[in-house]
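Asks: File name query.txt; file contents compact mmCIF, C-alpha atoms and all ligand atoms; full text below.
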# COMPACT_ATOMS: atom_id res chain seq x y z
CA MET A 1 -46.59 69.28 10.82
CA LYS A 2 -42.98 68.81 11.74
CA ILE A 3 -40.91 71.96 11.25
CA ILE A 4 -37.13 71.90 10.86
CA LYS A 5 -35.48 75.31 11.08
CA THR A 6 -32.17 75.89 9.34
CA GLU A 7 -29.74 78.76 9.41
CA ASN A 8 -29.85 79.51 5.71
CA TYR A 9 -30.70 78.26 2.22
CA ASP A 10 -27.67 76.01 2.02
CA MET A 11 -28.56 74.19 5.23
CA MET A 12 -32.21 73.93 4.15
CA SER A 13 -31.02 72.28 0.95
CA ARG A 14 -28.74 69.85 2.81
CA LYS A 15 -31.47 68.84 5.28
CA ALA A 16 -34.04 68.38 2.51
CA ALA A 17 -31.57 66.31 0.47
CA ASN A 18 -30.89 64.15 3.53
CA ILE A 19 -34.61 63.43 3.93
CA ILE A 20 -34.92 62.49 0.25
CA ALA A 21 -31.74 60.41 0.50
CA ALA A 22 -33.16 58.52 3.48
CA GLN A 23 -36.27 57.76 1.42
CA ILE A 24 -34.13 56.46 -1.47
CA ILE A 25 -31.95 54.35 0.84
CA ASN A 26 -34.94 52.89 2.69
CA LYS A 27 -36.87 52.11 -0.50
CA SER A 28 -34.69 51.91 -3.59
CA ASN A 29 -37.67 51.88 -5.95
CA SER A 30 -39.40 54.87 -4.36
CA VAL A 31 -41.70 57.10 -6.35
CA LEU A 32 -40.55 60.67 -5.77
CA GLY A 33 -42.83 63.60 -6.50
CA LEU A 34 -40.61 66.47 -7.62
CA ALA A 35 -40.88 70.24 -7.91
CA THR A 36 -39.17 72.90 -9.99
CA GLY A 37 -38.51 76.58 -9.19
CA SER A 38 -35.64 78.29 -7.36
CA THR A 39 -36.16 76.62 -3.99
CA PRO A 40 -35.22 72.99 -4.82
CA ILE A 41 -32.13 73.78 -6.92
CA GLY A 42 -29.79 73.46 -3.90
CA THR A 43 -31.51 70.25 -2.80
CA TYR A 44 -30.99 68.72 -6.24
CA LYS A 45 -27.34 69.85 -6.25
CA ARG A 46 -26.78 68.12 -2.94
CA LEU A 47 -28.51 64.93 -4.16
CA ILE A 48 -26.19 64.95 -7.19
CA GLU A 49 -23.18 65.29 -4.87
CA MET A 50 -24.39 62.37 -2.76
CA TYR A 51 -24.85 60.29 -5.92
CA LYS A 52 -21.35 61.19 -7.13
CA GLU A 53 -19.90 60.31 -3.73
CA GLY A 54 -21.45 56.85 -4.15
CA ASP A 55 -24.05 57.28 -1.41
CA LEU A 56 -27.16 57.21 -3.59
CA ASP A 57 -28.45 55.05 -6.40
CA PHE A 58 -31.31 56.29 -8.59
CA ILE A 59 -31.43 53.27 -10.90
CA ASP A 60 -34.82 52.02 -9.63
CA ILE A 61 -36.23 55.43 -8.66
CA LYS A 62 -39.33 56.69 -10.40
CA THR A 63 -40.42 60.30 -10.44
CA ALA A 64 -43.55 62.33 -11.13
CA ASN A 65 -43.26 66.09 -11.33
CA LEU A 66 -45.91 68.43 -10.02
CA ASP A 67 -46.47 70.54 -13.06
CA GLU A 68 -45.58 71.79 -16.51
CA TYR A 69 -46.40 74.88 -18.52
CA LYS A 70 -48.98 74.22 -21.20
CA GLY A 71 -47.63 74.93 -24.65
CA LEU A 72 -43.90 74.54 -23.97
CA THR A 73 -41.94 71.77 -25.65
CA LYS A 74 -39.38 69.66 -23.74
CA ASP A 75 -36.48 71.46 -25.41
CA ASN A 76 -37.76 74.92 -24.45
CA ASP A 77 -35.31 76.11 -21.81
CA GLN A 78 -38.21 77.33 -19.65
CA SER A 79 -40.09 74.03 -19.69
CA TYR A 80 -40.08 72.09 -16.46
CA TYR A 81 -38.86 69.05 -18.36
CA TYR A 82 -35.77 71.04 -19.37
CA PHE A 83 -35.35 72.23 -15.76
CA MET A 84 -35.52 68.70 -14.34
CA PHE A 85 -33.19 67.27 -16.95
CA ASN A 86 -30.58 69.95 -16.37
CA ASN A 87 -30.87 70.33 -12.60
CA LEU A 88 -31.07 66.65 -11.66
CA PHE A 89 -31.77 63.89 -14.16
CA LYS A 90 -28.72 64.33 -16.40
CA ASP A 91 -26.33 64.12 -13.43
CA VAL A 92 -27.65 60.99 -11.68
CA ASN A 93 -28.19 57.42 -12.87
CA ILE A 94 -31.95 57.71 -13.19
CA ASP A 95 -33.57 55.97 -16.15
CA ILE A 96 -35.24 58.82 -18.04
CA GLU A 97 -38.04 56.37 -18.91
CA ASN A 98 -38.85 56.33 -15.19
CA THR A 99 -39.36 60.10 -15.03
CA ASN A 100 -42.78 61.64 -15.56
CA ILE A 101 -43.83 65.22 -16.17
CA PRO A 102 -47.16 66.43 -17.58
CA ASP A 103 -46.89 66.82 -21.36
CA GLY A 104 -47.04 70.56 -22.03
CA THR A 105 -47.44 69.94 -25.75
CA GLU A 106 -50.71 68.03 -25.38
CA PRO A 107 -53.41 70.53 -26.41
CA ASP A 108 -56.28 68.36 -25.14
CA SER A 109 -56.34 69.27 -21.44
CA LYS A 110 -58.88 66.63 -20.42
CA LYS A 111 -56.88 63.90 -22.13
CA GLU A 112 -53.57 64.99 -20.59
CA CYS A 113 -54.98 65.40 -17.08
CA GLU A 114 -56.55 61.93 -17.17
CA ARG A 115 -53.36 60.42 -18.59
CA TYR A 116 -51.21 61.98 -15.87
CA GLU A 117 -53.49 60.87 -13.04
CA LYS A 118 -53.30 57.34 -14.45
CA VAL A 119 -49.50 57.55 -14.67
CA ILE A 120 -49.37 58.35 -10.94
CA SER A 121 -51.84 55.66 -9.95
CA ASP A 122 -50.03 53.09 -12.14
CA LEU A 123 -46.83 53.98 -10.26
CA GLY A 124 -48.67 52.99 -7.08
CA GLY A 125 -48.85 56.58 -5.80
CA ILE A 126 -46.13 58.91 -4.57
CA ASP A 127 -43.93 57.91 -1.63
CA LEU A 128 -42.40 61.33 -0.99
CA GLN A 129 -43.62 64.57 -2.54
CA LEU A 130 -41.25 67.54 -2.55
CA LEU A 131 -43.00 70.92 -2.62
CA GLY A 132 -41.99 74.55 -2.90
CA LEU A 133 -44.34 77.32 -1.78
CA GLY A 134 -45.66 80.13 -3.97
CA HIS A 135 -45.87 83.66 -2.57
CA ASN A 136 -49.67 83.36 -2.73
CA GLY A 137 -49.68 79.97 -0.98
CA HIS A 138 -49.85 77.88 -4.11
CA ILE A 139 -48.43 74.37 -4.31
CA GLY A 140 -47.84 72.96 -7.73
CA PHE A 141 -49.81 75.47 -9.77
CA ASN A 142 -52.85 75.19 -7.51
CA GLU A 143 -53.62 78.86 -7.21
CA PRO A 144 -55.82 80.42 -4.49
CA GLN A 145 -59.44 79.84 -5.45
CA ASP A 146 -62.88 79.00 -4.07
CA ASP A 147 -62.46 75.22 -3.90
CA PHE A 148 -59.65 72.74 -3.52
CA VAL A 149 -59.08 71.06 -6.88
CA LYS A 150 -58.74 67.32 -6.50
CA THR A 151 -56.99 65.82 -9.51
CA THR A 152 -54.57 66.91 -12.24
CA GLN A 153 -55.90 70.07 -13.87
CA CYS A 154 -55.14 72.59 -16.55
CA VAL A 155 -55.12 75.93 -14.70
CA ASN A 156 -54.95 79.59 -15.60
CA LEU A 157 -51.99 81.14 -13.82
CA GLN A 158 -52.63 84.16 -11.62
CA GLU A 159 -51.09 87.53 -12.42
CA SER A 160 -48.87 87.28 -9.30
CA THR A 161 -47.51 83.91 -10.45
CA ILE A 162 -46.90 85.19 -13.98
CA GLU A 163 -45.09 88.20 -12.45
CA ALA A 164 -43.02 85.94 -10.16
CA ASN A 165 -42.03 83.68 -13.06
CA LYS A 166 -41.26 86.38 -15.61
CA ARG A 167 -37.69 86.51 -14.32
CA PHE A 168 -37.09 83.29 -16.22
CA PHE A 169 -38.34 84.66 -19.56
CA ASN A 170 -37.17 87.46 -21.85
CA ASP A 171 -40.44 89.25 -21.41
CA VAL A 172 -43.63 88.88 -19.35
CA THR A 173 -45.61 88.25 -22.56
CA GLU A 174 -43.60 85.06 -23.08
CA VAL A 175 -44.70 83.54 -19.75
CA PRO A 176 -47.31 80.86 -20.52
CA LYS A 177 -50.75 81.66 -19.13
CA GLN A 178 -51.76 78.07 -18.43
CA ALA A 179 -50.17 75.03 -16.83
CA TYR A 180 -50.91 71.42 -16.08
CA THR A 181 -50.64 70.66 -12.39
CA MET A 182 -51.28 67.80 -10.03
CA GLY A 183 -54.38 68.67 -8.04
CA ILE A 184 -54.45 69.22 -4.29
CA GLY A 185 -56.07 65.79 -3.94
CA THR A 186 -53.25 64.17 -5.92
CA ILE A 187 -50.65 65.89 -3.72
CA MET A 188 -52.47 64.97 -0.50
CA LYS A 189 -52.43 61.28 -1.49
CA ALA A 190 -48.61 61.24 -1.29
CA LYS A 191 -47.45 59.14 1.66
CA LYS A 192 -44.99 61.79 2.86
CA ILE A 193 -44.71 65.47 2.02
CA LEU A 194 -41.58 67.60 2.25
CA LEU A 195 -42.18 71.35 1.94
CA ILE A 196 -39.10 73.51 1.54
CA VAL A 197 -39.25 77.27 2.01
CA ASN A 198 -36.61 79.97 2.21
CA GLY A 199 -36.36 83.73 2.45
CA GLU A 200 -38.08 86.56 4.25
CA GLY A 201 -40.39 87.10 1.29
CA LYS A 202 -42.22 83.88 2.17
CA ALA A 203 -42.46 84.45 5.95
CA ASP A 204 -46.02 85.83 5.90
CA ILE A 205 -47.43 83.13 3.67
CA LEU A 206 -45.64 80.34 5.56
CA GLU A 207 -47.19 81.62 8.79
CA LYS A 208 -50.65 81.39 7.18
CA VAL A 209 -49.91 77.90 5.86
CA VAL A 210 -48.90 76.65 9.31
CA ASN A 211 -51.20 78.59 11.66
CA GLY A 212 -53.97 80.01 9.52
CA PRO A 213 -57.36 78.56 8.70
CA ILE A 214 -57.46 75.74 6.16
CA THR A 215 -58.80 77.45 3.10
CA PRO A 216 -58.48 77.14 -0.70
CA LYS A 217 -57.52 80.84 -0.61
CA VAL A 218 -54.21 79.57 0.84
CA PRO A 219 -53.91 76.24 -1.00
CA ALA A 220 -50.92 74.95 1.03
CA SER A 221 -52.94 75.33 4.27
CA ILE A 222 -54.52 71.95 3.39
CA LEU A 223 -51.19 70.37 4.34
CA GLN A 224 -52.22 70.82 8.00
CA LEU A 225 -54.52 67.84 7.39
CA HIS A 226 -51.83 65.55 5.97
CA PRO A 227 -50.52 62.99 8.49
CA ASP A 228 -46.86 63.17 7.45
CA VAL A 229 -45.61 66.63 6.49
CA THR A 230 -42.11 67.92 7.16
CA ILE A 231 -41.35 71.57 6.54
CA VAL A 232 -37.69 72.44 6.17
CA ALA A 233 -37.32 76.21 6.15
CA ASP A 234 -34.66 78.76 6.88
CA GLU A 235 -34.79 81.25 9.75
CA ALA A 236 -35.92 84.06 7.47
CA ALA A 237 -38.93 82.11 6.19
CA LEU A 238 -39.81 81.04 9.76
CA SER A 239 -39.40 84.53 11.21
CA LYS A 240 -43.18 85.00 11.66
CA ILE A 241 -43.72 81.63 13.35
CA LYS A 242 -43.19 81.10 17.09
CA MET A 243 -41.41 77.79 17.62
C1 LIG A 301 -42.87 74.25 -9.18
C2 LIG A 301 -44.08 74.49 -8.41
C3 LIG A 301 -44.34 75.80 -7.73
C4 LIG A 301 -43.14 76.33 -6.97
C5 LIG A 301 -43.47 77.66 -6.29
C6 LIG A 301 -42.27 78.26 -5.59
O1 LIG A 301 -42.89 72.94 -9.71
O2 LIG A 301 -44.88 73.64 -8.35
O3 LIG A 301 -45.42 75.63 -6.85
O4 LIG A 301 -42.73 75.40 -6.01
O5 LIG A 301 -43.94 78.57 -7.24
O6 LIG A 301 -41.33 78.64 -6.56
P1 LIG A 301 -39.88 79.12 -6.17
O7 LIG A 301 -39.18 77.94 -5.58
O8 LIG A 301 -39.25 79.55 -7.48
O9 LIG A 301 -40.05 80.24 -5.20
Would you mind writing the file out in structure tokens?
Ligand code: F6R
Replies:
Amino acid sequence: MKIIKTENYDMMSRKAANIIAAQIINKSNSVLGLATGSTPIGTYKRLIEMYKEGDLDFIDIKTANLDEYKGLTKDNDQSYYYFMFNNLFKDVNIDIENTNIPDGTEPDSKKECERYEKVISDLGGIDLQLLGLGHNGHIGFNEPQDDFVKTTQCVNLQESTIEANKRFFNDVTEVPKQAYTMGIGTIMKAKKILLIVNGEGKADILEKVVNGPITPKVPASILQLHPDVTIVADEAALSKIKM
């Protein structure tokens, strides 16, 4: 795992955006795996700036997002579709037809999981997967459990994840209890992985991800086995790791 330490969130975002930009410049029809949450917002802002400055072209880029809450429609302001549209897609020249997110409104989990796996394989796989890190070590919505889940799944969210996400809803009861997520196997098939992490609150879990045993109890620890992982993290998040 290659680790890049940055001074703060802003520099983490700039470095991560540069890595994604390099991917786009090197392969203009790249398939980007994208994440939502607080961590990538600055990265997306920087990518939008680069696009507006004329340095990036998204016209042939295809995307596949990690996850989506089950039960939320695209126009729900807490859906990940809404997040992606408003934090990136609407401000760059991506063809919305080339963007893919699990369909939260599909009630048949088996059908939606199979469809989404096929979408990714029809795209030829993911060139660069961007990941954030949950406080419990989750990636996508792959929560700590007894086994690594291979393909796209419908998962029950853990209490800690529901608690962490309630800040985005009026009330904790409004936080969906299930989500569709790419499986660990789907994520591990990406050619490159870019994990971005910031803040002291994630220092302990990041240390376990990097130095701890590879275990489904810390889902992101599996990344130790991927041949091309770059972690871009700020000093606070790296404060428990000797470099
Ligand atoms: C989001 C996702 C999640 C988040 C993680 C960290 O698509 O897959 O795994 O990356 O929960 O969230 P933030 O960035 O809000 O701390």
Asks: Which one of A:Gly199, A:Gly37, A:Gly54, A:Gly125 sits closest to ligand LIG 301 (chain A) if you count all atoms listed in the file?
Replies: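 Result for the nearest residue to ligand LIG 301 (chain A): A:Gly37.
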Asks: Hey, could you make a per-residue contact list for range 52-152 of chain A against range 202-210 of chain A with 8 Å as the cut-off, showing the nearest pair of atoms and its distance in Å to one decimal, counting only C-alpha atoms, sorted by chain and number, as CSV?
Replies:
residue,atom,partner,partner_atom,distance
A:Leu133,CA,A:Lys202,CA,7.9
A:Gly134,CA,A:Lys202,CA,8.0
A:His135,CA,A:Lys202,CA,6.0
A:Asn136,CA,A:Ile205,CA,6.8
A:Gly137,CA,A:Ile205,CA,6.1
Asks: Can you tell me which residues come within 7 Å of ligand LIG 301 (chain A) when counting only C-alpha atoms and all ligand atoms, ideally as a PyMOL selection string?
Replies: chain A and resi 35-40+66-67+131-134+138-141
Asks: Can you tell me which residues surround Val229 in chain A at a distance of at most 6 Å, considering all atoms listed in the file, apart from same-chain residues fewer than 5 positions away, and format the answer as a short mmCIF file (atom, residue, chain, number, x, y, z; two decimals) with C-alpha atoms, keeping the file's coordinate frame?
Replies:
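In the end it all went to result_7.cif:
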data_model
loop_
_atom_site.label_atom_id
_atom_site.label_comp_id
_atom_site.auth_asym_id
_atom_site.auth_seq_id
_atom_site.Cartn_x
_atom_site.Cartn_y
_atom_site.Cartn_z
CA MET A 1 -46.59 69.28 10.82
CA ILE A 193 -44.71 65.47 2.02
CA LEU A 194 -41.58 67.60 2.25
#
Asks: Lys110 in chain A: which residues within 9 Å, counting only C-alpha atoms, same-chain residues fewer than 4 positions away excluded, as a PyMOL selection string?
Replies: chain A and resi 114-115+153-154
